[in-house]
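Asker: One file: run16.txt (compact mmCIF, C-alpha atoms and all ligand atoms).
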```txt
# COMPACT_ATOMS: atom_id res chain seq x y z
CA MET A 1 -25.18 4.07 -17.94
CA PHE A 2 -28.15 5.50 -19.79
CA MET A 3 -31.56 4.07 -19.08
CA ASN A 4 -34.56 5.36 -20.94
CA ASN A 5 -32.47 8.38 -21.76
CA LYS A 6 -32.23 9.23 -18.09
CA LEU A 7 -29.07 8.58 -16.15
CA ASP A 8 -29.38 5.80 -13.70
CA PHE A 9 -27.73 7.34 -10.69
CA GLU A 10 -28.33 4.35 -8.51
CA GLN A 11 -26.30 2.23 -10.86
CA LEU A 12 -23.60 4.88 -10.94
CA TYR A 13 -23.53 4.94 -7.14
CA ALA A 14 -22.83 1.21 -7.14
CA LEU A 15 -20.22 1.53 -9.87
CA ALA A 16 -18.38 4.13 -7.76
CA GLY A 17 -18.07 1.43 -5.09
CA SER A 18 -16.30 -0.96 -7.39
CA THR A 19 -14.11 1.76 -8.93
CA PHE A 20 -12.80 3.42 -5.79
CA THR A 21 -11.93 0.58 -3.45
CA PRO A 22 -10.11 1.79 -0.34
CA GLY A 23 -10.26 -1.62 1.30
CA THR A 24 -9.13 -3.71 -1.63
CA PRO A 25 -5.97 -3.85 -3.72
CA VAL A 26 -6.38 -3.04 -7.40
CA ASN A 27 -6.79 -6.04 -9.64
CA ASP A 28 -7.73 -4.28 -12.81
CA ARG A 29 -4.97 -3.03 -15.10
CA ASP A 30 -7.24 -0.22 -16.34
CA LEU A 31 -7.55 1.23 -12.87
CA PHE A 32 -3.91 0.78 -11.94
CA ALA A 33 -2.06 4.08 -12.03
CA GLY A 34 1.60 4.95 -12.40
CA ARG A 35 4.41 2.86 -10.90
CA ILE A 36 6.00 2.48 -14.33
CA ASP A 37 9.55 2.32 -12.95
CA GLN A 38 8.77 -0.25 -10.34
CA LEU A 39 6.80 -2.44 -12.75
CA ARG A 40 9.70 -2.36 -15.16
CA LYS A 41 12.19 -3.36 -12.50
CA VAL A 42 10.11 -6.31 -11.41
CA SER A 43 9.49 -7.47 -14.97
CA ASP A 44 13.19 -7.23 -15.70
CA ALA A 45 13.80 -9.60 -12.84
CA VAL A 46 11.20 -11.96 -14.30
CA THR A 47 12.63 -11.97 -17.81
CA GLN A 48 16.26 -12.27 -16.78
CA VAL A 49 17.16 -15.75 -15.68
CA GLY A 50 18.88 -15.83 -12.33
CA TYR A 51 17.21 -12.73 -10.96
CA HIS A 52 14.59 -12.45 -8.23
CA ALA A 53 12.94 -9.41 -6.69
CA VAL A 54 11.87 -7.92 -3.41
CA LEU A 55 9.23 -5.20 -3.25
CA PHE A 56 9.04 -3.23 -0.03
CA GLY A 57 7.51 -0.06 1.38
CA ASP A 58 5.03 1.36 3.85
CA ARG A 59 1.61 -0.08 4.53
CA GLY A 60 -0.95 1.08 1.99
CA VAL A 61 1.40 2.35 -0.71
CA GLY A 62 0.24 -0.26 -3.22
CA LYS A 63 2.51 -3.30 -2.89
CA THR A 64 -0.22 -5.89 -3.24
CA SER A 65 -1.80 -4.00 -6.13
CA LEU A 66 1.48 -3.91 -8.00
CA SER A 67 2.04 -7.61 -7.51
CA ASN A 68 -1.53 -8.31 -8.70
CA VAL A 69 -0.88 -6.39 -11.87
CA MET A 70 2.43 -8.19 -12.35
CA SER A 71 0.76 -11.53 -12.25
CA ALA A 72 -1.77 -10.50 -14.88
CA MET A 73 0.94 -9.30 -17.18
CA GLN A 74 2.27 -10.95 -20.27
CA ILE A 75 5.93 -10.30 -20.32
CA ALA A 76 7.68 -10.08 -23.67
CA GLY A 77 4.85 -12.02 -25.25
CA ARG A 78 5.35 -15.04 -23.03
CA THR A 79 2.70 -16.37 -20.75
CA LEU A 80 3.50 -16.26 -17.14
CA SER A 81 2.31 -18.87 -14.68
CA THR A 82 1.95 -17.10 -11.39
CA CYS A 83 0.92 -17.97 -7.93
CA LYS A 84 0.50 -15.78 -4.95
CA VAL A 85 0.99 -16.79 -1.36
CA THR A 86 -0.17 -14.56 1.47
CA CYS A 87 2.11 -15.31 4.38
CA ASP A 88 0.90 -15.87 7.94
CA ALA A 89 2.88 -15.44 11.12
CA GLY A 90 2.69 -19.19 11.73
CA ASP A 91 4.09 -20.22 8.37
CA ASN A 92 7.33 -22.14 8.09
CA PHE A 93 9.43 -22.76 5.00
CA GLU A 94 7.57 -25.87 4.02
CA SER A 95 4.05 -24.51 4.55
CA LEU A 96 4.91 -21.50 2.42
CA TRP A 97 5.97 -23.69 -0.48
CA ARG A 98 3.06 -26.04 0.01
CA LYS A 99 0.72 -23.05 -0.41
CA ALA A 100 2.69 -21.96 -3.46
CA PHE A 101 2.54 -25.32 -5.19
CA GLN A 102 -1.16 -25.70 -4.38
CA GLU A 103 -1.88 -22.54 -6.28
CA LEU A 104 0.52 -23.09 -9.09
CA SER A 105 -1.36 -24.58 -11.95
CA VAL A 106 1.10 -25.30 -14.65
CA TYR A 107 0.00 -26.18 -18.12
CA THR A 108 1.58 -29.23 -19.56
CA ILE A 109 1.66 -29.94 -23.23
CA GLU A 110 2.05 -33.47 -24.44
CA PRO A 111 2.73 -33.69 -28.13
CA GLY A 112 0.13 -35.74 -30.01
CA PHE A 113 1.27 -39.04 -31.49
CA GLY A 114 1.47 -39.34 -35.20
CA PHE A 115 0.60 -37.00 -37.98
CA GLY A 116 -2.41 -34.69 -37.48
CA GLN A 117 -2.88 -35.50 -33.81
CA ALA A 118 -3.41 -32.41 -31.68
CA ASP A 119 -1.18 -31.76 -28.70
CA ARG A 120 -2.80 -32.62 -25.42
CA MET A 121 -3.06 -29.89 -22.83
CA GLY A 122 -3.41 -30.55 -19.17
CA THR A 123 -2.60 -29.07 -15.80
CA THR A 124 -0.54 -30.47 -13.03
CA SER A 125 -0.18 -29.52 -9.39
CA LEU A 126 3.15 -30.01 -7.75
CA GLU A 127 1.94 -30.03 -4.20
CA PHE A 128 2.02 -33.81 -4.00
CA ASN A 129 5.62 -34.01 -5.12
CA LEU A 130 6.81 -31.85 -2.26
CA PRO A 131 8.57 -34.00 0.34
CA ASP A 132 8.12 -33.46 4.07
CA LYS A 133 10.90 -31.33 5.49
CA SER A 134 11.66 -29.89 2.10
CA SER A 135 14.89 -28.04 1.50
CA PRO A 136 15.84 -25.30 -0.97
CA ASN A 137 17.18 -28.06 -3.19
CA ASP A 138 13.80 -29.82 -3.30
CA ILE A 139 12.17 -26.56 -4.33
CA LYS A 140 14.74 -26.11 -7.05
CA ARG A 141 14.22 -29.64 -8.36
CA LEU A 142 10.43 -29.22 -8.53
CA LEU A 143 10.55 -25.82 -10.16
CA ALA A 144 13.11 -27.07 -12.67
CA SER A 145 10.72 -29.83 -13.65
CA ILE A 146 8.05 -27.39 -14.75
CA SER A 147 9.83 -24.20 -15.67
CA SER A 148 10.43 -25.16 -19.27
CA ALA A 149 6.70 -25.10 -20.05
CA SER A 150 6.30 -21.44 -19.13
CA ASP A 151 7.90 -18.71 -17.07
CA ILE A 152 6.95 -18.92 -13.45
CA LEU A 153 6.44 -16.12 -10.96
CA ILE A 154 5.90 -16.94 -7.33
CA ILE A 155 4.80 -14.07 -5.12
CA PHE A 156 5.09 -14.17 -1.33
CA ASP A 157 2.98 -11.24 -0.09
CA GLU A 158 3.03 -9.92 3.49
CA PHE A 159 6.40 -11.54 4.01
CA ASP A 160 7.02 -9.18 6.95
CA ARG A 161 4.66 -11.35 8.99
CA ILE A 162 7.33 -14.04 8.98
CA THR A 163 9.66 -13.11 11.77
CA THR A 164 11.43 -16.43 12.25
CA LYS A 165 14.90 -15.80 10.97
CA SER A 166 15.50 -19.41 10.01
CA VAL A 167 12.51 -19.24 7.63
CA THR A 168 13.54 -16.03 5.90
CA GLY A 169 17.10 -17.34 5.82
CA LEU A 170 15.96 -20.52 4.04
CA MET A 171 14.12 -18.33 1.54
CA ALA A 172 17.37 -16.47 0.86
CA ASP A 173 19.08 -19.84 0.34
CA THR A 174 16.35 -20.84 -2.09
CA ILE A 175 16.81 -17.68 -4.10
CA LYS A 176 20.52 -18.35 -4.26
CA THR A 177 20.02 -21.97 -5.28
CA LEU A 178 17.53 -21.06 -8.03
CA SER A 179 19.78 -18.33 -9.27
CA ASP A 180 22.93 -20.45 -9.36
CA ALA A 181 21.11 -23.20 -11.25
CA ALA A 182 19.58 -20.66 -13.67
CA ILE A 183 16.06 -22.00 -13.14
CA LYS A 184 13.41 -20.08 -15.07
CA ALA A 185 11.33 -19.24 -12.07
CA THR A 186 11.21 -15.92 -10.27
CA ILE A 187 10.51 -15.32 -6.64
CA LEU A 188 8.96 -11.99 -5.68
CA ILE A 189 9.04 -11.19 -1.98
CA VAL A 190 6.62 -8.44 -0.91
CA GLY A 191 6.41 -6.84 2.50
CA VAL A 192 6.18 -3.83 4.76
CA ALA A 193 9.73 -2.67 5.42
CA GLU A 194 12.00 0.32 5.24
CA SER A 195 14.78 -1.74 3.77
CA VAL A 196 15.47 -5.28 2.67
CA ASP A 197 17.56 -6.01 5.79
CA SER A 198 14.53 -6.26 8.01
CA LEU A 199 12.68 -8.51 5.57
CA ILE A 200 15.16 -11.21 4.61
CA GLU A 201 17.75 -12.68 6.90
CA ASN A 202 21.21 -12.87 5.41
CA HIS A 203 20.17 -11.18 2.21
CA ALA A 204 23.75 -10.05 1.55
CA SER A 205 24.52 -13.56 0.29
CA VAL A 206 21.94 -13.13 -2.46
CA GLU A 207 22.44 -9.45 -3.14
CA ARG A 208 23.69 -10.11 -6.67
CA ALA A 209 20.57 -12.05 -7.63
CA LEU A 210 18.06 -9.82 -5.89
CA VAL A 211 16.48 -6.79 -7.55
CA GLN A 212 15.44 -4.46 -4.75
CA VAL A 213 12.40 -2.38 -5.55
CA ALA A 214 11.36 0.28 -3.04
CA LEU A 215 7.79 1.50 -3.34
CA PRO A 216 7.65 5.09 -2.07
CA ARG A 217 4.63 7.34 -1.67
CA MET A 218 2.98 8.11 -5.00
CA SER A 219 3.82 11.32 -6.80
CA LYS A 220 1.15 13.97 -7.26
CA ASN A 221 1.00 12.97 -10.89
CA GLU A 222 0.34 9.31 -10.02
CA ILE A 223 -2.34 10.23 -7.49
CA GLY A 224 -3.92 12.43 -10.16
CA GLN A 225 -4.03 9.43 -12.48
CA ILE A 226 -5.96 7.38 -9.93
CA ILE A 227 -8.59 10.13 -9.76
CA ASP A 228 -8.73 10.50 -13.55
CA LYS A 229 -8.92 6.80 -14.30
CA GLY A 230 -11.65 6.30 -11.74
CA LEU A 231 -13.71 9.25 -12.91
CA THR A 232 -13.32 8.24 -16.54
CA ARG A 233 -14.84 4.89 -15.69
CA LEU A 234 -17.74 6.71 -14.01
CA SER A 235 -18.08 9.19 -16.90
CA MET A 236 -17.71 11.94 -14.31
CA LYS A 237 -15.69 15.14 -14.17
CA ILE A 238 -14.14 17.16 -11.39
CA GLN A 239 -13.41 20.87 -11.08
CA ALA A 240 -9.70 21.57 -11.40
CA LYS A 241 -9.42 23.11 -7.93
CA SER A 242 -11.15 20.20 -6.23
CA ARG A 243 -8.93 17.77 -8.08
CA LEU A 244 -5.84 19.53 -6.73
CA GLU A 245 -7.29 19.44 -3.23
CA LEU A 246 -7.87 15.70 -3.47
CA ILE A 247 -4.29 15.22 -4.61
CA SER A 248 -2.91 17.26 -1.77
CA LEU A 249 -5.09 15.57 0.85
CA SER A 250 -3.94 12.14 -0.33
CA GLN A 251 -0.34 12.80 0.74
CA GLY A 252 0.89 10.23 -1.74
CA LEU A 253 -1.18 7.43 -0.24
CA PRO A 254 -3.43 5.69 -2.78
CA TYR A 255 -5.62 4.35 0.05
CA VAL A 256 -6.65 7.89 0.90
CA THR A 257 -7.28 8.74 -2.75
CA HIS A 258 -9.62 5.78 -3.09
CA LEU A 259 -11.42 6.60 0.16
CA LEU A 260 -11.92 10.22 -0.82
CA GLY A 261 -12.66 9.39 -4.45
CA LEU A 262 -15.44 7.10 -3.34
CA HIS A 263 -17.17 9.52 -0.98
CA VAL A 264 -16.64 12.64 -3.03
CA SER A 265 -18.01 11.08 -6.22
CA ARG A 266 -20.97 9.67 -4.30
CA ALA A 267 -21.69 13.09 -2.83
CA ALA A 268 -22.12 14.40 -6.38
CA ILE A 269 -24.05 11.33 -7.51
CA ASP A 270 -26.44 11.82 -4.57
CA GLU A 271 -27.32 15.17 -6.08
CA GLU A 272 -27.64 13.68 -9.54
CA ARG A 273 -24.65 15.61 -10.82
CA LEU A 274 -21.83 14.29 -13.01
CA GLU A 275 -19.40 17.03 -12.09
CA ILE A 276 -17.69 17.04 -8.70
CA LYS A 277 -17.70 20.46 -7.06
CA GLU A 278 -16.35 22.02 -3.91
CA GLN A 279 -19.36 21.22 -1.77
CA ASP A 280 -18.90 17.52 -2.59
CA LEU A 281 -15.46 17.67 -1.05
CA ASP A 282 -16.83 18.94 2.27
CA LYS A 283 -19.39 16.18 2.39
CA GLY A 284 -17.01 13.55 1.03
CA ILE A 285 -14.35 14.31 3.65
CA LYS A 286 -16.89 13.97 6.47
CA ASN A 287 -18.10 10.62 5.18
CA ALA A 288 -14.58 9.39 4.51
CA LEU A 289 -13.61 10.12 8.11
CA GLU A 290 -16.30 7.75 9.32
CA GLN A 291 -15.13 4.93 7.11
CA TRP A 292 -11.46 5.36 7.93
CA GLN A 293 -9.68 2.28 9.24
CA GLN A 294 -10.96 1.64 12.74
CA SER A 295 -7.46 1.14 14.13
CA VAL A 296 -6.44 4.63 13.04
CA LYS A 297 -9.55 6.21 14.54
CA ALA A 298 -9.09 4.40 17.84
CA VAL A 299 -5.46 5.43 18.27
CA HIS A 300 -6.30 9.03 17.42
CA TYR A 301 -9.10 9.10 19.98
CA LYS A 302 -6.76 7.82 22.67
CA ALA A 303 -4.05 10.30 21.76
CA VAL A 304 -6.15 13.43 22.23
CA LEU A 305 -8.35 12.23 25.09
CA SER A 306 -8.14 14.53 28.09
CA SER A 307 -10.31 15.56 31.00
CA GLN A 308 -8.56 18.89 31.32
CA PRO A 309 -10.64 21.67 29.83
CA GLY A 310 -8.63 23.90 27.53
CA ASN A 311 -5.95 21.29 26.93
CA ILE A 312 -4.15 21.53 23.61
CA PHE A 313 -3.56 17.87 22.73
CA GLN A 314 -5.66 18.04 19.58
CA GLN A 315 -4.04 21.28 18.42
CA VAL A 316 -0.52 19.95 19.00
CA LEU A 317 -1.30 16.71 17.22
CA LEU A 318 -2.78 18.60 14.31
CA ALA A 319 0.32 20.78 14.17
CA CYS A 320 2.43 17.60 14.09
CA ALA A 321 0.42 16.38 11.12
CA MET A 322 0.98 19.70 9.36
CA ALA A 323 4.67 19.95 10.29
CA GLU A 324 7.31 19.78 7.63
CA THR A 325 9.09 16.44 7.45
CA ASP A 326 12.31 15.13 6.02
CA ASP A 327 12.34 12.46 3.31
CA PHE A 328 11.73 9.74 5.85
CA GLY A 329 8.70 11.40 7.40
CA TYR A 330 10.44 12.74 10.53
CA PHE A 331 9.69 16.15 11.99
CA THR A 332 11.17 18.15 14.87
CA ALA A 333 9.65 20.18 17.72
CA THR A 334 10.79 23.33 15.93
CA SER A 335 8.82 22.39 12.83
CA VAL A 336 5.66 21.97 14.94
CA LYS A 337 5.87 25.54 16.22
CA SER A 338 4.63 27.44 13.21
CA PRO A 339 1.64 25.25 12.30
CA LEU A 340 0.68 25.33 15.99
CA LYS A 341 0.72 29.09 15.92
CA ALA A 342 -1.27 29.18 12.70
CA GLY A 343 -3.85 26.77 14.12
CA SER A 344 -4.24 28.14 17.64
CA GLY A 345 -3.40 31.78 17.10
CA LYS A 346 -0.98 31.63 20.02
CA ASP A 347 2.80 31.61 19.91
CA TYR A 348 3.69 28.62 22.08
CA ASP A 349 7.35 28.07 22.85
CA ILE A 350 8.75 24.55 22.61
CA PRO A 351 8.80 23.77 26.38
CA SER A 352 5.06 24.39 26.55
CA PHE A 353 4.31 21.52 24.19
CA ALA A 354 7.40 19.31 24.58
CA ASN A 355 5.57 17.19 27.08
CA HIS A 356 2.68 16.66 24.68
CA LEU A 357 5.11 15.35 22.09
CA LYS A 358 6.63 13.02 24.64
CA GLU A 359 3.26 11.67 25.73
CA PHE A 360 2.23 10.97 22.15
CA SER A 361 5.05 8.44 21.99
CA GLU A 362 3.90 6.71 25.19
CA LEU A 363 1.47 3.87 25.68
CA LYS A 364 -1.14 5.98 27.46
CA ARG A 365 -1.58 8.06 24.31
CA GLY A 366 -1.59 5.06 22.01
CA GLU A 367 2.03 5.46 20.85
CA ILE A 368 0.71 7.43 17.93
CA ILE A 369 4.13 8.94 17.32
CA GLU A 370 7.56 7.38 17.60
CA ARG A 371 10.42 9.37 19.00
CA VAL A 372 14.04 8.79 18.04
CA GLY A 373 17.32 10.52 18.88
CA GLN A 374 18.50 12.25 22.03
CA THR A 375 17.32 15.10 24.21
CA ARG A 376 17.27 18.38 22.32
CA ARG A 377 17.69 16.46 19.08
CA PHE A 378 14.56 14.37 19.18
CA ARG A 379 12.89 13.58 15.89
CA TYR A 380 9.32 12.39 15.68
CA ARG A 381 7.29 10.40 13.19
CA PHE A 382 3.74 9.10 13.00
CA VAL A 383 3.79 5.33 13.39
CA SER A 384 1.02 4.77 10.84
CA PRO A 385 1.37 6.57 7.50
CA LEU A 386 -2.41 6.88 7.39
CA MET A 387 -2.49 9.01 10.53
CA ARG A 388 -1.37 12.32 9.05
CA PRO A 389 -4.05 12.59 6.39
CA TYR A 390 -6.67 11.43 8.91
CA ILE A 391 -5.72 14.10 11.45
CA VAL A 392 -5.66 16.81 8.82
CA MET A 393 -9.12 15.89 7.54
CA LYS A 394 -10.48 15.55 11.04
CA GLY A 395 -9.09 18.99 11.88
CA PHE A 396 -10.92 20.35 8.88
CA SER A 397 -14.13 18.58 9.74
CA ASP A 398 -13.95 19.83 13.36
CA GLY A 399 -13.47 23.39 12.16
CA LEU A 400 -9.83 23.71 13.28
CA LEU A 401 -8.58 24.10 9.71
CA SER A 402 -9.86 26.08 6.79
CA ARG A 403 -9.93 24.94 3.19
CA GLU A 404 -6.86 27.06 2.50
CA ASP A 405 -4.97 25.31 5.30
CA LEU A 406 -5.97 21.97 3.80
CA SER A 407 -4.22 22.59 0.53
CA LEU A 408 -1.05 23.47 2.40
CA SER A 409 -0.85 20.14 4.19
N1 LIG W 501 -1.06 1.87 -8.68
C1 LIG W 501 -2.28 2.04 -8.12
N2 LIG W 501 -3.30 2.58 -8.83
C2 LIG W 501 -4.51 2.76 -8.27
N3 LIG W 501 -4.81 2.42 -7.01
C3 LIG W 501 -3.86 1.87 -6.24
C4 LIG W 501 -2.54 1.65 -6.76
N4 LIG W 501 -1.80 1.10 -5.79
C5 LIG W 501 -2.59 0.97 -4.72
N5 LIG W 501 -3.85 1.42 -4.95
C6 LIG W 501 -4.96 1.44 -3.98
O1 LIG W 501 -4.41 1.78 -2.72
C7 LIG W 501 -4.91 0.99 -1.66
C8 LIG W 501 -3.78 0.24 -0.98
O2 LIG W 501 -3.18 -0.64 -1.92
P1 LIG W 501 -2.53 -2.04 -1.52
O3 LIG W 501 -2.01 -2.64 -2.78
O4 LIG W 501 -3.46 -2.86 -0.70
O5 LIG W 501 -1.30 -1.54 -0.61
P2 LIG W 501 -0.26 -2.40 0.27
O6 LIG W 501 -0.29 -3.81 -0.22
O7 LIG W 501 1.05 -1.72 0.03
O8 LIG W 501 -0.71 -2.25 1.69
C9 LIG W 501 -5.96 0.10 -2.30
O9 LIG W 501 -7.21 0.72 -2.14
C10 LIG W 501 -5.61 0.07 -3.77
O10 LIG W 501 -6.77 -0.06 -4.53
MG MG W 502 -0.71 -5.54 0.81
```
So, in terms of structure tokens, how does the structure I just supplied come out?

Answerer:
Amino acid sequence: MFMNNKLDFEQLYALAGSTFTPGTPVNDRDLFAGRIDQLRKVSDAVTQVGYHAVLFGDRGVGKTSLSNVMSAMQIAGRTLSTCKVTCDAGDNFESLWRKAFQELSVYTIEPGFGFGQADRMGTTSLEFNLPDKSSPNDIKRLLASISSASDILIIFDEFDRITTKSVTGLMADTIKTLSDAAIKATILIVGVAESVDSLIENHASVERALVQVALPRMSKNEIGQIIDKGLTRLSMKIQAKSRLELISLSQGLPYVTHLLGLHVSRAAIDEERLEIKEQDLDKGIKNALEQWQQSVKAVHYKAVLSSQPGNIFQQVLLACAMAETDDFGYFTATSVKSPLKAGSGKDYDIPSFANHLKEFSELKRGEIIERVGQTRRFRYRFVSPLMRPYIVMKGFSDGLLSREDLSLS
């Protein structure tokens, strides 16, 4: 980083961009933070013959990153041959496995003939051995033929895109077949879901063989590690208070940490400083808002759009984002009341904003919030997990929230 004894801030600016990567899953073990429990569960499934795993959680919590790190791992000293398939809506059972076998390069070792002859190493692709209209049995046969050379891990990412039940059902059958035959190959299914039920048809039949790994929001400690690991790479520091603010703004979502980490560190780099201070947070938040996923920005815009002067759509939405939630992210009208009062200075009763809540769950306001339950017992939840932190930061940037309010979110 030093050039003629003077720091090269331009180079550092670029390095920040490859360290904090909001748009890209982590691929680098050194930058991967936390998730010890989940990594252990998945590697247990890999090392134990007959077990397979499913990794599920919200969008943006780090599923793809975790599966990337898995595939780079050496488990119990053994090399792992891995392949990763990203599923498309149009995939069927056979196309999924064709993709898998295309990627799977398996090393073969042929012992040398005679004394002193070296073993011959080669690679083989199994794609060409896959019959048309392949069945779970065909998959088992092919995997059995190579699994003695090394342990195999096959990852199917974005499995939630496959909505054809017959396809996910066949995948469950395959897992069962592999498990029953004790083949040394592990399937890891990865997808956006609240539970395994919605991801794999008929998963009860394979329950015994399937390690279910839920990936929740990250803990404050894990989010802190992302910041620390990133800043260590940049040889930068951050004031303790600003670090806590970043953690709280992230709301357990590593995407947000990366987005903020990028813009906040660049704000300091722009001023040729290696320590991140409060003013960098102000600037970083503003810049992060601009780069936020377009889909989130568009839905938010639609939700608060109104031609009525003095309308309170933005205030109510902000109060929703600040409202206390249960473990599943749901809040109630009652829990919106106090942040609305804090934000607007007025004590609105529930009927005066009930209609706003209702409209937020309708098409004309972008269905930004989903509403469940019955009259008087409605519960609400933001459809996209990225919406809450966006609204909070936008509220701050628009002057509706103070710094103190921010840390409470
Ligand atoms: N364990 C982690 N450590 C550091 N950064 C992470 C971690 N998990 C996820 N991220 C970051 O969070 C963002 C979303 O991660 P990703 O793996 O794409 O999530 P998902 O696949 O669940 O949508 C990416 O910017 C990624 O770099
Ligand atoms: Mg992903």

Asker: Taking the point (-9.1, 7.8, 11.8) as given in the file, collect each protein or nucleic acid residue that comes within 12 Å of it, counting only C-alpha atoms, and present the set as a VMD selection string.

Answerer: chain A and resid 256 259 285 to 303 368 384 to 395

Asker: Output as AutoDock Vina command-line options the centre and edge lengths (Å, one decimal) of the box along x, y and z of the file that holds every listed atom of ligand LIG 501 (chain W) after adding 8 Å on each side.

Answerer:
```
--center_x -3.1 --center_y -0.5 --center_z -3.6 --size_x 24.3 --size_y 22.6 --size_z 26.5
```

Asker: Would you work out the distance separating atom CA of Val42 of chain A from atom CA of Val206 of chain A, expressed in Å to one decimal?

Answerer: 16.3 Å

Asker: For Pro131 of chain A, work out the shell of residues within 12 Å, counting all atoms listed in the file and skipping chain neighbours fewer than 6 positions away, then give it as a list in words.

Answerer: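 So, after excluding close chain neighbours, the residues are Glu94, Ser95, Trp97, Arg98, Phe101, Asn137, Asp138, Ile139, Arg141 and Leu142 of chain A.
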
Asker: Taking only C-alpha atoms and all ligand atoms into account, which of A:Pro136, A:Gly329, A:Pro351, A:Pro254 comes nearest ligand LIG 501 (chain W)?

Answerer: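 When distances to ligand LIG 501 (chain W) are compared using only C-alpha atoms and all ligand atoms, the smallest one comes from A:Pro254.
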
Asker: Would you mind telling me which residue in A:Leu318, A:Leu199, A:Val85, A:Ile226 lies nearest to Arg35 of chain A when using only C-alpha atoms?

Answerer: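 Closest to Arg35 of chain A of all the choices is A:Ile226.
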
Asker: Between atom CA of Arg233 of chain A and atom CA of Ala16 of chain A, what is the spacing in Å?

Answerer: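 According to the coordinates, atom CA of Ala16 of chain A and atom CA of Arg233 of chain A are separated by 8.7 Å.
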
Asker: Measuring between only C-alpha atoms and all ligand atoms, which one of A:Gly57, A:Gly261, A:Gly345, A:Gly252 shows the shortest distance to ligand LIG 501 (chain W)?

Answerer: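 Among the listed residues, the smallest separation from ligand LIG 501 (chain W) belongs to A:Gly57.
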
Asker: So, counting all atoms listed in the file, which residue among A:Thr174, A:Ser198, A:Thr375, A:Thr64 is closest to ligand MG 502 (chain W)?

Answerer: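 Checking each candidate against ligand MG 502 (chain W), we get A:Thr64 as the closest.
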
Asker: Write as a short mmCIF file (atom, residue, chain, number, x, y, z; two decimals) with C-alpha atoms, in the coordinates of the input the residues around ligand MG 502 (chain W), taking 10 Å as the cut-off and counting all atoms listed in the file.

Answerer:
```
data_model
loop_
_atom_site.label_atom_id
_atom_site.label_comp_id
_atom_site.auth_asym_id
_atom_site.auth_seq_id
_atom_site.Cartn_x
_atom_site.Cartn_y
_atom_site.Cartn_z
CA THR A 24 -9.13 -3.71 -1.63
CA PRO A 25 -5.97 -3.85 -3.72
CA GLY A 57 7.51 -0.06 1.38
CA ASP A 58 5.03 1.36 3.85
CA ARG A 59 1.61 -0.08 4.53
CA GLY A 60 -0.95 1.08 1.99
CA VAL A 61 1.40 2.35 -0.71
CA GLY A 62 0.24 -0.26 -3.22
CA LYS A 63 2.51 -3.30 -2.89
CA THR A 64 -0.22 -5.89 -3.24
CA SER A 65 -1.80 -4.00 -6.13
CA LEU A 66 1.48 -3.91 -8.00
CA SER A 67 2.04 -7.61 -7.51
CA ASN A 68 -1.53 -8.31 -8.70
CA THR A 86 -0.17 -14.56 1.47
CA ASP A 157 2.98 -11.24 -0.09
CA GLU A 158 3.03 -9.92 3.49
CA PHE A 159 6.40 -11.54 4.01
CA VAL A 190 6.62 -8.44 -0.91
CA GLY A 191 6.41 -6.84 2.50
CA VAL A 192 6.18 -3.83 4.76
#
```

Asker: Suppose you want the space between atom CA of Gln279 of chain A and atom CA of Arg266 of chain A; what is it in Å?

Answerer: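 That distance, rounded to one decimal, is 11.9 Å.
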
Asker: Which residue, A:His356, A:His258, A:Lys140, A:Arg379, has the smallest gap to Ser179 of chain A when you use all atoms listed in the file?

Answerer: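 Looking only at the distances to Ser179 of chain A, the closest residue turns out to be A:Lys140.
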
Asker: Calculated over all atoms listed in the file, which of the candidates A:Leu253, A:Ala214, A:Ala209, A:Val167 has the smallest distance to ligand LIG 501 (chain W)?

Answerer: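 Of the candidates, the smallest distance to ligand LIG 501 (chain W) is held by A:Leu253.
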